[in-house]
file protein_20.txt (compact mmCIF, C-alpha atoms and all ligand atoms)
# COMPACT_ATOMS: atom_id res chain seq x y z
CA MET S 1 35.51 -80.94 57.05
CA SER S 2 34.56 -83.96 59.10
CA ASP S 3 31.91 -83.85 61.81
CA LEU S 4 34.62 -83.03 64.28
CA PRO S 5 37.50 -81.04 62.77
CA CYS S 6 40.65 -81.06 64.88
CA PHE S 7 43.30 -78.34 65.08
CA TYR S 8 46.95 -78.38 66.13
CA ALA S 9 49.86 -75.93 65.72
CA PRO S 10 53.14 -77.92 65.66
CA GLU S 11 55.25 -74.94 66.74
CA THR S 12 53.66 -75.18 70.20
CA ALA S 13 56.13 -78.06 70.70
CA ASP S 14 58.87 -75.41 71.04
CA HIS S 15 57.50 -74.81 74.55
CA ASP S 16 59.38 -77.41 76.56
CA PRO S 17 59.19 -76.47 80.25
CA GLN S 18 61.83 -78.03 82.48
CA PHE S 19 61.33 -76.79 86.04
CA TRP S 20 58.81 -78.09 88.53
CA MET S 21 58.90 -78.59 92.25
CA LEU S 22 56.84 -80.87 94.46
CA ARG S 23 57.18 -81.00 98.23
CA GLY S 24 60.47 -79.15 98.09
CA VAL S 25 62.00 -81.43 95.46
CA PRO S 26 62.74 -79.96 92.00
CA SER S 27 61.92 -82.34 89.14
CA ARG S 28 61.17 -82.38 85.41
CA ASN S 29 58.00 -80.56 84.42
CA LYS S 30 55.24 -82.93 83.28
CA GLU S 31 53.74 -80.67 80.61
CA THR S 32 55.99 -82.08 77.88
CA ALA S 33 55.77 -81.83 74.11
CA GLU S 34 55.44 -85.62 74.07
CA ARG S 35 51.89 -85.11 75.29
CA ALA S 36 50.97 -83.58 71.94
CA GLU S 37 52.48 -86.49 70.02
CA ARG S 38 50.38 -88.94 72.01
CA LEU S 39 47.26 -86.82 71.61
CA LEU S 40 47.82 -86.53 67.85
CA ALA S 41 47.94 -90.33 67.75
CA GLY S 42 44.58 -90.33 69.53
CA ILE S 43 43.06 -88.07 66.86
CA ALA S 44 44.37 -90.38 64.13
CA ASP S 45 43.08 -93.44 65.97
CA ALA S 46 39.61 -91.88 66.05
CA GLY S 47 39.82 -91.47 62.26
CA LEU S 48 39.73 -87.66 62.43
CA THR S 49 41.70 -85.08 60.49
CA VAL S 50 44.08 -82.48 61.90
CA HIS S 51 43.76 -79.07 60.23
CA PRO S 52 46.45 -76.36 60.28
CA VAL S 53 45.94 -73.34 62.51
CA PRO S 54 45.80 -69.97 60.73
CA PRO S 55 46.76 -66.74 62.52
CA THR S 56 43.79 -65.25 64.40
CA ASP S 57 42.97 -61.77 65.72
CA ARG S 58 43.06 -62.86 69.40
CA ALA S 59 40.74 -59.99 70.33
CA ALA S 60 39.17 -62.08 73.09
CA MET S 61 42.61 -62.74 74.61
CA HIS S 62 42.93 -59.01 75.33
CA GLU S 63 39.46 -59.02 76.92
CA VAL S 64 40.29 -62.02 79.13
CA HIS S 65 43.86 -61.10 80.20
CA THR S 66 45.35 -57.86 81.54
CA ALA S 67 47.74 -55.81 79.40
CA ARG S 68 50.52 -55.92 82.01
CA TYR S 69 50.30 -59.71 82.25
CA LEU S 70 50.55 -60.11 78.48
CA GLU S 71 53.53 -57.74 78.54
CA PHE S 72 55.17 -59.86 81.26
CA LEU S 73 54.68 -63.04 79.21
CA ARG S 74 56.04 -61.34 76.08
CA ASP S 75 59.11 -59.66 77.59
CA GLY S 76 59.69 -61.54 80.84
CA TRP S 77 62.09 -64.20 79.57
CA ALA S 78 64.41 -61.65 77.90
CA GLU S 79 64.41 -59.42 81.00
CA TRP S 80 65.14 -62.44 83.21
CA GLN S 81 68.16 -63.33 81.10
CA LYS S 82 69.69 -59.92 81.88
CA ALA S 83 69.43 -60.46 85.64
CA PRO S 84 72.70 -61.56 87.29
CA GLY S 85 72.85 -65.33 87.79
CA ALA S 86 69.44 -65.95 86.22
CA GLY S 87 68.50 -69.54 85.35
CA PRO S 88 67.30 -70.64 81.93
CA GLU S 89 63.58 -70.24 82.78
CA VAL S 90 61.61 -67.63 84.71
CA VAL S 91 60.53 -69.35 87.92
CA ALA S 92 58.99 -67.32 90.74
CA ASN S 93 60.54 -67.54 94.17
CA LEU S 94 58.20 -65.00 95.77
CA HIS S 95 54.61 -65.44 96.86
CA PRO S 96 53.00 -61.99 97.16
CA GLN S 97 49.59 -61.83 98.78
CA LYS S 98 48.75 -58.83 96.56
CA VAL S 99 46.03 -57.16 98.67
CA GLY S 100 47.37 -53.72 99.61
CA GLN S 101 50.69 -54.43 97.88
CA THR S 102 52.30 -52.47 95.04
CA TYR S 103 53.05 -53.85 91.58
CA PRO S 104 56.85 -54.03 91.27
CA GLU S 105 59.03 -52.91 88.38
CA GLY S 106 61.77 -55.54 88.46
CA ILE S 107 61.48 -58.89 86.77
CA THR S 108 61.98 -60.96 89.95
CA GLY S 109 59.10 -59.19 91.66
CA ARG S 110 56.88 -59.31 88.59
CA ALA S 111 57.53 -63.03 88.21
CA GLY S 112 56.22 -63.53 91.75
CA TRP S 113 53.21 -61.32 91.00
CA HIS S 114 52.22 -63.12 87.80
CA MET S 115 53.12 -66.74 88.65
CA ALA S 116 51.11 -68.57 91.26
CA ASP S 117 53.39 -71.59 91.56
CA THR S 118 56.49 -73.31 90.17
CA GLY S 119 54.53 -75.35 87.61
CA CYS S 120 54.61 -72.66 84.92
CA PRO S 121 58.24 -71.81 84.10
CA LEU S 122 58.49 -69.17 81.36
CA GLY S 123 61.04 -70.24 78.75
CA GLN S 124 62.35 -68.67 75.58
CA HIS S 125 59.54 -70.04 73.42
CA THR S 126 56.71 -70.10 75.96
CA TYR S 127 54.89 -66.94 74.93
CA ALA S 128 55.04 -67.71 71.19
CA ALA S 129 53.76 -71.23 71.88
CA ALA S 130 51.01 -69.99 74.20
CA LEU S 131 49.84 -67.52 71.52
CA ARG S 132 49.65 -70.39 69.03
CA GLY S 133 47.73 -72.37 71.65
CA VAL S 134 45.23 -69.49 71.70
CA ASP S 135 45.13 -69.54 67.90
CA THR S 136 44.38 -73.27 68.07
CA ALA S 137 41.41 -72.72 70.38
CA LEU S 138 40.22 -69.85 68.17
CA ALA S 139 40.55 -71.94 64.98
CA ALA S 140 38.26 -74.56 66.52
CA THR S 141 35.92 -71.79 67.68
CA GLU S 142 35.83 -70.35 64.17
CA ALA S 143 34.98 -73.77 62.70
CA VAL S 144 32.03 -73.99 65.08
CA ARG S 145 30.96 -70.42 64.31
CA LYS S 146 30.97 -71.38 60.64
CA GLY S 147 28.67 -74.34 61.20
CA ALA S 148 30.58 -77.35 62.51
CA ARG S 149 28.60 -78.82 65.40
CA ALA S 150 31.85 -79.41 67.28
CA ALA S 151 35.60 -78.96 66.87
CA TYR S 152 38.60 -80.08 68.89
CA ALA S 153 41.62 -77.90 69.71
CA LEU S 154 44.83 -79.70 70.72
CA CYS S 155 46.13 -76.78 72.78
CA ARG S 156 49.55 -76.72 74.40
CA PRO S 157 50.28 -75.26 76.87
CA PRO S 158 46.91 -75.81 78.60
CA GLY S 159 45.03 -72.83 79.99
CA HIS S 160 42.41 -73.40 82.67
CA HIS S 161 44.61 -72.52 85.70
CA ALA S 162 45.57 -69.12 84.22
CA ASP S 163 43.41 -66.23 85.37
CA ALA S 164 43.33 -62.67 84.00
CA ASP S 165 46.68 -61.73 85.54
CA THR S 166 48.40 -64.95 86.57
CA ALA S 167 50.09 -68.06 85.17
CA ALA S 168 49.71 -71.25 87.20
CA GLY S 169 49.87 -75.02 86.95
CA HIS S 170 51.40 -75.37 83.44
CA CYS S 171 48.98 -72.68 82.12
CA PHE S 172 49.68 -69.19 80.71
CA LEU S 173 46.78 -68.08 78.50
CA ASN S 174 43.30 -69.37 79.23
CA ASN S 175 42.37 -70.99 75.92
CA SER S 176 38.94 -72.18 77.12
CA ALA S 177 38.00 -68.75 78.49
CA ILE S 178 39.16 -67.06 75.28
CA ALA S 179 37.04 -69.50 73.22
CA ALA S 180 34.02 -68.80 75.44
CA GLN S 181 34.54 -65.04 75.27
CA THR S 182 34.65 -65.29 71.47
CA LEU S 183 31.48 -67.39 71.35
CA ARG S 184 29.75 -64.67 73.39
CA GLY S 185 29.85 -62.59 70.23
CA ASP S 186 27.25 -64.95 68.74
CA HIS S 187 25.35 -66.10 71.83
CA ASP S 188 23.86 -64.31 74.86
CA ARG S 189 24.90 -67.16 77.12
CA VAL S 190 27.77 -69.64 76.89
CA ALA S 191 28.77 -72.49 79.22
CA ILE S 192 32.19 -73.93 80.02
CA LEU S 193 32.24 -77.53 81.28
CA ASP S 194 35.64 -78.43 82.74
CA ILE S 195 36.24 -82.16 83.29
CA ASP S 196 39.99 -81.96 83.98
CA VAL S 197 40.94 -83.70 87.26
CA HIS S 198 42.05 -80.30 88.56
CA HIS S 199 39.56 -77.53 89.28
CA GLY S 200 39.49 -74.86 86.54
CA ASN S 201 40.37 -72.10 88.97
CA GLY S 202 41.58 -69.60 86.37
CA THR S 203 38.42 -69.98 84.32
CA GLN S 204 36.23 -69.63 87.39
CA ALA S 205 38.06 -66.47 88.46
CA ILE S 206 37.80 -64.86 85.01
CA PHE S 207 34.01 -65.24 84.89
CA HIS S 208 33.28 -65.18 88.63
CA ASP S 209 31.18 -62.01 88.56
CA ARG S 210 29.49 -62.65 85.20
CA ALA S 211 26.17 -64.35 84.53
CA ASP S 212 26.67 -64.70 80.78
CA VAL S 213 29.32 -67.42 81.02
CA PHE S 214 28.22 -70.35 83.18
CA THR S 215 31.28 -72.17 84.53
CA VAL S 216 31.10 -75.78 85.74
CA SER S 217 34.00 -77.90 86.96
CA ILE S 218 34.12 -81.58 88.00
CA HIS S 219 37.40 -82.38 89.75
CA ALA S 220 39.22 -84.04 92.63
CA ASP S 221 38.47 -82.41 96.00
CA PRO S 222 40.87 -79.46 96.30
CA SER S 223 41.05 -79.69 100.09
CA ASN S 224 44.16 -81.83 99.50
CA PHE S 225 44.74 -81.58 95.73
CA TYR S 226 45.82 -78.89 93.25
CA PRO S 227 44.75 -76.04 92.95
CA PHE S 228 43.96 -76.20 96.72
CA TYR S 229 42.56 -72.68 97.19
CA LEU S 230 39.59 -72.73 94.84
CA GLY S 231 37.22 -75.43 93.57
CA HIS S 232 34.99 -75.93 96.60
CA ALA S 233 31.25 -76.50 96.35
CA HIS S 234 30.38 -73.27 98.17
CA GLU S 235 31.90 -71.11 95.39
CA VAL S 236 28.85 -70.17 93.34
CA GLY S 237 29.96 -66.90 91.75
CA GLN S 238 29.48 -63.37 93.06
CA GLY S 239 27.59 -60.21 92.19
CA ALA S 240 25.88 -60.57 88.83
CA GLY S 241 27.60 -63.96 88.52
CA LYS S 242 26.02 -65.43 91.64
CA GLY S 243 24.62 -68.82 90.69
CA ALA S 244 26.64 -68.97 87.45
CA ASN S 245 29.45 -71.13 88.82
CA LEU S 246 29.09 -74.78 89.84
CA ASN S 247 31.84 -76.83 91.45
CA LEU S 248 31.44 -80.58 91.82
CA PRO S 249 34.47 -81.78 93.80
CA LEU S 250 34.77 -85.58 94.20
CA PRO S 251 36.73 -87.55 96.80
CA ILE S 252 40.26 -88.47 95.66
CA GLY S 253 40.18 -91.82 93.84
CA SER S 254 36.52 -91.63 92.70
CA GLY S 255 35.77 -93.78 89.64
CA ASP S 256 33.39 -93.78 86.67
CA GLU S 257 30.16 -94.14 88.59
CA ASP S 258 30.63 -91.08 90.79
CA TRP S 259 32.27 -89.07 88.00
CA LEU S 260 29.46 -89.74 85.52
CA ALA S 261 26.84 -89.01 88.20
CA ALA S 262 28.52 -85.64 88.76
CA LEU S 263 28.56 -85.12 85.01
CA ASP S 264 24.79 -85.73 84.86
CA ARG S 265 24.30 -83.06 87.55
CA ALA S 266 26.50 -80.69 85.57
CA LEU S 267 24.63 -81.33 82.33
CA ALA S 268 21.25 -80.79 84.01
CA ARG S 269 22.44 -77.39 85.31
CA ILE S 270 23.84 -76.48 81.90
CA ARG S 271 20.46 -77.30 80.31
CA ASP S 272 18.77 -75.05 82.91
CA HIS S 273 21.16 -72.24 82.01
CA ALA S 274 20.16 -72.62 78.31
CA PRO S 275 23.46 -71.56 76.73
CA GLY S 276 23.76 -71.08 72.99
CA ALA S 277 27.16 -72.79 72.85
CA LEU S 278 29.48 -74.89 74.97
CA VAL S 279 33.22 -75.03 75.64
CA VAL S 280 34.44 -78.38 76.96
CA ALA S 281 37.69 -78.00 78.91
CA LEU S 282 38.89 -81.52 78.26
CA GLY S 283 41.42 -82.76 80.76
CA LEU S 284 42.24 -86.44 80.42
CA ASP S 285 44.09 -86.50 83.74
CA ALA S 286 41.01 -87.82 85.58
CA HIS S 287 42.13 -91.22 84.23
CA GLU S 288 43.09 -93.94 86.70
CA ASN S 289 46.65 -94.20 85.32
CA ASP S 290 47.41 -90.48 84.97
CA PRO S 291 50.55 -89.57 86.95
CA PHE S 292 48.55 -87.10 89.08
CA LYS S 293 46.30 -89.87 90.48
CA GLY S 294 43.41 -87.63 91.48
CA LEU S 295 40.47 -89.66 90.18
CA ALA S 296 40.10 -93.16 88.70
CA VAL S 297 38.08 -92.68 85.51
CA THR S 298 38.50 -95.51 82.97
CA THR S 299 39.15 -95.23 79.24
CA PRO S 300 35.54 -96.23 78.35
CA GLY S 301 34.42 -93.66 80.94
CA PHE S 302 35.68 -90.88 78.65
CA ALA S 303 33.61 -92.22 75.74
CA GLU S 304 30.53 -92.30 77.93
CA ALA S 305 31.18 -88.75 79.12
CA ALA S 306 31.56 -87.59 75.51
CA ARG S 307 28.28 -89.25 74.50
CA ARG S 308 26.42 -87.53 77.32
CA ILE S 309 27.96 -84.12 76.66
CA ALA S 310 27.39 -84.39 72.90
CA ALA S 311 23.72 -85.22 73.65
CA LEU S 312 23.29 -81.61 74.82
CA ASN S 313 23.36 -80.94 71.09
CA LEU S 314 25.04 -77.57 71.50
CA PRO S 315 27.65 -76.07 69.19
CA SER S 316 30.75 -77.19 71.09
CA VAL S 317 34.41 -76.23 71.17
CA ILE S 318 36.49 -78.97 72.82
CA VAL S 319 39.72 -77.52 74.23
CA GLN S 320 42.54 -79.75 75.45
CA GLU S 321 43.59 -79.01 79.01
CA GLY S 322 45.59 -81.51 81.12
CA GLY S 323 46.26 -85.21 80.73
CA TYR S 324 49.85 -86.35 81.15
CA VAL S 325 52.05 -89.00 79.64
CA SER S 326 50.96 -92.53 80.44
CA GLU S 327 50.42 -95.61 78.33
CA ASP S 328 46.73 -94.65 78.18
CA LEU S 329 46.86 -91.02 77.04
CA THR S 330 46.40 -91.81 73.33
CA ARG S 331 43.49 -94.16 73.82
CA ASN S 332 41.82 -91.84 76.33
CA LEU S 333 41.58 -89.07 73.74
CA SER S 334 40.57 -91.56 71.06
CA SER S 335 37.88 -92.91 73.39
CA PHE S 336 36.50 -89.44 74.06
CA LEU S 337 36.48 -88.42 70.38
CA ARG S 338 34.96 -91.72 69.25
CA GLY S 339 32.31 -91.39 71.93
CA TRP S 340 31.53 -87.88 70.68
CA ILE S 341 31.14 -88.88 67.03
CA GLY S 342 29.30 -92.09 67.87
CA VAL S 343 31.88 -94.50 66.56
CA ARG S 344 31.85 -97.80 68.41
CA GLN S 345 34.87 -98.61 70.52
CA PRO S 346 37.02 -101.49 69.26
CA VAL S 347 36.13 -104.53 71.42
ZN ZN G 401 44.74 -81.13 85.18
call {"tool": "encode", "arguments": {"input": "protein_20.txt", "output": "structure tokens"}}
result
Amino acid sequence: MSDLPCFYAPETADHDPQFWMLRGVPSRNKETAERAERLLAGIADAGLTVHPVPPTDRAAMHEVHTARYLEFLRDGWAEWQKAPGAGPEVVANLHPQKVGQTYPEGITGRAGWHMADTGCPLGQHTYAAALRGVDTALAATEAVRKGARAAYALCRPPGHHADADTAAGHCFLNNSAIAAQTLRGDHDRVAILDIDVHHGNGTQAIFHDRADVFTVSIHADPSNFYPFYLGHAHEVGQGAGKGANLNLPLPIGSGDEDWLAALDRALARIRDHAPGALVVALGLDAHENDPFKGLAVTTPGFAEAARRIAALNLPSVIVQEGGYVSEDLTRNLSSFLRGWIGVRQPV
């Protein structure tokens, strides 16, 4: 295997979400299978090899997610189809506040319970694809456990907005958290560094009261950007996990200089935490031309970030999170991967 083996499961392309809604206007979901095609081109451009994804035991998935949530993902689409007048995808139209409320039996109520927003429609092939996304993250994790210094998982759907019991923001199963939980089998402490433009709220929630998994996220300020309700600097973890979460929100539109300065702060804190291994939740949507327009990182900025993260010299599992279709998506992944393996950028 190369210095940086890459993994992709082509059947994840069967997940092709349609529904999304922004400011009351339904529109086409942005988490398209075309993303994977563009990211695969980025792997090829970096001169790296894509390996097939074997089945995995997914034990860590059952530690990270609740049984009833996994059941909902598995059976929810078929149950939805039996409901009178149901649309082609499960989309929640209820927003339970949960505290003091009772878990419902019916599929409409359960959809509201397990889906935080309209960005994560559950289609016929979603659960099978999400499981293969988990397998992809675990294949990269296994490569690192067997001695690769780093491995890259092209996961679709992404995972970092999904918490133990909830889908959200294009995410169903938290691939990064499952990779970290698996790495805990070999290491007393693990860190997750999330550089997606959106705060990794699901990941933070999963490990919020744990000290053994240090969670760090650099993202656009959630006071007026998804995921809105988490991602603020004052969230530092709770209980045993107090001090094991670091949020570095940046003003909307921040560019390379501020982003890389935040990254240096993150890396210093990760060094202090002394983890045995690292998961990089790699969103490429911090780019200046990403449709979400949260930050303004440049293509060379991703290479520089990769160089600095790789300099931690930790066994590292790089898990694809967001990053949406633009002319730059391919070269942004290529830039990051080339930066990681120390290949010079084409001038
Ligand atoms: Zn994102």
call {"tool": "closest_atom_pairs", "arguments": {"input": "protein_20.txt", "of": "chain S", "to": "ligand ZN 401 (chain G)", "cutoff": "10 Å", "atoms": "only C-alpha atoms and all ligand atoms", "output": "CSV"}}
result
residue,atom,partner,partner_atom,distance
S:Pro158,CA,G:ZN401,ZN,8.7
S:Gly159,CA,G:ZN401,ZN,9.8
S:His160,CA,G:ZN401,ZN,8.5
S:His161,CA,G:ZN401,ZN,8.6
S:Gly169,CA,G:ZN401,ZN,8.2
S:His170,CA,G:ZN401,ZN,9.0
S:Cys171,CA,G:ZN401,ZN,9.9
S:Asp194,CA,G:ZN401,ZN,9.8
S:Ile195,CA,G:ZN401,ZN,8.8
S:Asp196,CA,G:ZN401,ZN,5.0
S:Val197,CA,G:ZN401,ZN,5.0
S:His198,CA,G:ZN401,ZN,4.4
S:His199,CA,G:ZN401,ZN,7.5
S:Gly200,CA,G:ZN401,ZN,8.3
S:His219,CA,G:ZN401,ZN,8.7
S:Ala220,CA,G:ZN401,ZN,9.7
S:Tyr226,CA,G:ZN401,ZN,8.4
S:Pro227,CA,G:ZN401,ZN,9.3
S:Ala281,CA,G:ZN401,ZN,9.9
S:Leu282,CA,G:ZN401,ZN,9.1
S:Gly283,CA,G:ZN401,ZN,5.8
S:Leu284,CA,G:ZN401,ZN,7.6
S:Asp285,CA,G:ZN401,ZN,5.6
S:Ala286,CA,G:ZN401,ZN,7.7
S:Asp290,CA,G:ZN401,ZN,9.7
S:Phe292,CA,G:ZN401,ZN,8.1
S:Gly294,CA,G:ZN401,ZN,9.1
S:Glu321,CA,G:ZN401,ZN,6.6
S:Gly322,CA,G:ZN401,ZN,4.2
S:Gly323,CA,G:ZN401,ZN,6.2
S:Tyr324,CA,G:ZN401,ZN,8.3
call {"tool": "atom_distance", "arguments": {"input": "protein_20.txt", "atom1": "atom CA of S:His287", "atom2": "atom CA of S:Ser326"}}
result
9.7 Å
call {"tool": "residues_around", "arguments": {"input": "protein_20.txt", "residues": "stretch 25-31 of chain S", "least_positions_apart": "3", "cutoff": "9 Å", "atoms": "all atoms listed in the file", "output": "PyMOL selection string"}}
result
chain S and resi 16-22+34-35+119-121+156-158+170+291+322-325
call {"tool": "closest_residue", "arguments": {"input": "protein_20.txt", "among": "S:His114, S:Arg38, S:Arg189, S:Lys82", "to": "S:His95", "atoms": "only C-alpha atoms"}}
result
S:His114
call {"tool": "atom_distance", "arguments": {"input": "protein_20.txt", "atom1": "atom CA of S:Gln124", "atom2": "atom CA of S:Phe72"}}
result
12.7 Å
call {"tool": "atom_distance", "arguments": {"input": "protein_20.txt", "atom1": "atom CA of S:Ala130", "atom2": "atom CA of S:Ala13"}}
result
10.2 Å
call {"tool": "closest_residue", "arguments": {"input": "protein_20.txt", "among": "S:Ala92, S:Ala303, S:Ala129, S:Ala36", "to": "S:Arg74", "atoms": "all atoms listed in the file"}}
result
S:Ala129
call {"tool": "residues_around", "arguments": {"input": "protein_20.txt", "residues": "S:Arg145", "least_positions_apart": "2", "cutoff": "12 Å", "atoms": "all atoms listed in the file", "output": "PyMOL selection string"}}
result
chain S and resi 138-143+147-151+179-180+182-187+276-278+314-317
call {"tool": "closest_residue", "arguments": {"input": "protein_20.txt", "among": "S:Ser254, S:Gly112, S:Val64, S:Phe172", "to": "S:Gln204", "atoms": "all atoms listed in the file"}}
result
S:Val64
call {"tool": "residues_around", "arguments": {"input": "protein_20.txt", "residues": "S:Ala164", "least_positions_apart": "6", "cutoff": "12 Å", "atoms": "all atoms listed in the file", "output": "list in words"}}
result
Ala60, Met61, His62, Glu63, Val64, His65, Thr66, Ala67, Arg68, Tyr69, Leu70, His114, Met115, Cys171, Phe172, Leu173, Asn174, Asn175, Ala177, Ile178, Asn201, Gly202, Thr203, Gln204, Ala205, Ile206, Phe207 and His208 of chain S
call {"tool": "closest_residue", "arguments": {"input": "protein_20.txt", "among": "S:Val279, S:Ala311, S:Leu337, S:Ala59", "to": "S:Ile43", "atoms": "all atoms listed in the file"}}
result
S:Leu337
call {"tool": "closest_residue", "arguments": {"input": "protein_20.txt", "among": "S:Asp258, S:Ile107, S:Val99, S:Ala46", "to": "S:Ala86", "atoms": "only C-alpha atoms"}}
result
S:Ile107
call {"tool": "decode", "arguments": {"input": "protein_20.txt", "residues": "stretch 232-256 of chain S", "atoms": "N, CA and C atoms", "output": "mmCIF file, in the first residue's frame"}}
result
data_model
loop_
_atom_site.group_PDB
_atom_site.id
_atom_site.type_symbol
_atom_site.label_atom_id
_atom_site.label_comp_id
_atom_site.auth_asym_id
_atom_site.auth_seq_id
_atom_site.Cartn_x
_atom_site.Cartn_y
_atom_site.Cartn_z
ATOM 1 N N HIS S 232 -20.223 26.780 19.770
ATOM 2 C CA HIS S 232 -19.731 28.032 20.348
ATOM 3 C C HIS S 232 -18.509 27.777 21.230
ATOM 4 N N ALA S 233 -17.719 28.837 21.416
ATOM 5 C CA ALA S 233 -16.441 28.691 22.112
ATOM 6 C C ALA S 233 -16.609 28.270 23.573
ATOM 7 N N HIS S 234 -17.754 28.590 24.154
ATOM 8 C CA HIS S 234 -17.925 28.271 25.589
ATOM 9 C C HIS S 234 -18.234 26.802 25.843
ATOM 10 N N GLU S 235 -18.452 26.009 24.792
ATOM 11 C CA GLU S 235 -18.752 24.582 24.975
ATOM 12 C C GLU S 235 -17.439 23.815 25.109
ATOM 13 N N VAL S 236 -17.123 23.409 26.318
ATOM 14 C CA VAL S 236 -15.800 22.815 26.582
ATOM 15 C C VAL S 236 -15.898 21.359 27.044
ATOM 16 N N GLY S 237 -17.101 20.782 26.940
ATOM 17 C CA GLY S 237 -17.311 19.437 27.466
ATOM 18 C C GLY S 237 -17.894 19.516 28.858
ATOM 19 N N GLN S 238 -18.397 18.382 29.365
ATOM 20 C CA GLN S 238 -18.998 18.392 30.702
ATOM 21 C C GLN S 238 -18.618 17.133 31.468
ATOM 22 N N GLY S 239 -18.762 17.193 32.780
ATOM 23 C CA GLY S 239 -18.421 16.048 33.622
ATOM 24 C C GLY S 239 -16.967 15.654 33.407
ATOM 25 N N ALA S 240 -16.764 14.349 33.211
ATOM 26 C CA ALA S 240 -15.393 13.864 32.984
ATOM 27 C C ALA S 240 -14.796 14.466 31.713
ATOM 28 N N GLY S 241 -15.665 14.898 30.798
ATOM 29 C CA GLY S 241 -15.200 15.447 29.520
ATOM 30 C C GLY S 241 -14.901 16.930 29.550
ATOM 31 N N LYS S 242 -15.021 17.558 30.709
ATOM 32 C CA LYS S 242 -14.769 18.993 30.786
ATOM 33 C C LYS S 242 -13.321 19.291 30.395
ATOM 34 N N GLY S 243 -13.153 20.168 29.434
ATOM 35 C CA GLY S 243 -11.821 20.496 28.936
ATOM 36 C C GLY S 243 -11.399 19.651 27.752
ATOM 37 N N ALA S 244 -12.224 18.668 27.364
ATOM 38 C CA ALA S 244 -11.870 17.773 26.251
ATOM 39 C C ALA S 244 -12.655 18.092 24.983
ATOM 40 N N ASN S 245 -13.202 19.309 24.927
ATOM 41 C CA ASN S 245 -13.812 19.776 23.676
ATOM 42 C C ASN S 245 -13.344 21.212 23.434
ATOM 43 N N LEU S 246 -12.945 21.489 22.202
ATOM 44 C CA LEU S 246 -12.482 22.833 21.843
ATOM 45 C C LEU S 246 -13.179 23.265 20.569
ATOM 46 N N ASN S 247 -13.903 24.389 20.658
ATOM 47 C CA ASN S 247 -14.523 24.967 19.468
ATOM 48 C C ASN S 247 -13.821 26.265 19.101
ATOM 49 N N LEU S 248 -13.485 26.386 17.814
ATOM 50 C CA LEU S 248 -12.822 27.588 17.324
ATOM 51 C C LEU S 248 -13.661 28.177 16.184
ATOM 52 N N PRO S 249 -14.774 28.838 16.552
ATOM 53 C CA PRO S 249 -15.606 29.456 15.515
ATOM 54 C C PRO S 249 -14.909 30.685 14.933
ATOM 55 N N LEU S 250 -15.067 30.883 13.623
ATOM 56 C CA LEU S 250 -14.452 32.026 12.927
ATOM 57 C C LEU S 250 -15.553 32.862 12.281
ATOM 58 N N PRO S 251 -15.352 34.171 12.178
ATOM 59 C CA PRO S 251 -16.364 35.000 11.505
ATOM 60 C C PRO S 251 -16.614 34.504 10.080
ATOM 61 N N ILE S 252 -17.866 34.574 9.643
ATOM 62 C CA ILE S 252 -18.230 34.186 8.271
ATOM 63 C C ILE S 252 -17.299 34.914 7.297
ATOM 64 N N GLY S 253 -16.784 34.184 6.322
ATOM 65 C CA GLY S 253 -15.950 34.802 5.286
ATOM 66 C C GLY S 253 -14.460 34.830 5.613
ATOM 67 N N SER S 254 -14.059 34.286 6.781
ATOM 68 C CA SER S 254 -12.628 34.279 7.139
ATOM 69 C C SER S 254 -11.826 33.480 6.113
ATOM 70 N N GLY S 255 -10.603 33.925 5.839
ATOM 71 C CA GLY S 255 -9.743 33.290 4.841
ATOM 72 C C GLY S 255 -8.605 32.490 5.454
ATOM 73 N N ASP S 256 -7.619 32.175 4.627
ATOM 74 C CA ASP S 256 -6.523 31.279 5.027
ATOM 75 C C ASP S 256 -5.826 31.707 6.317
#
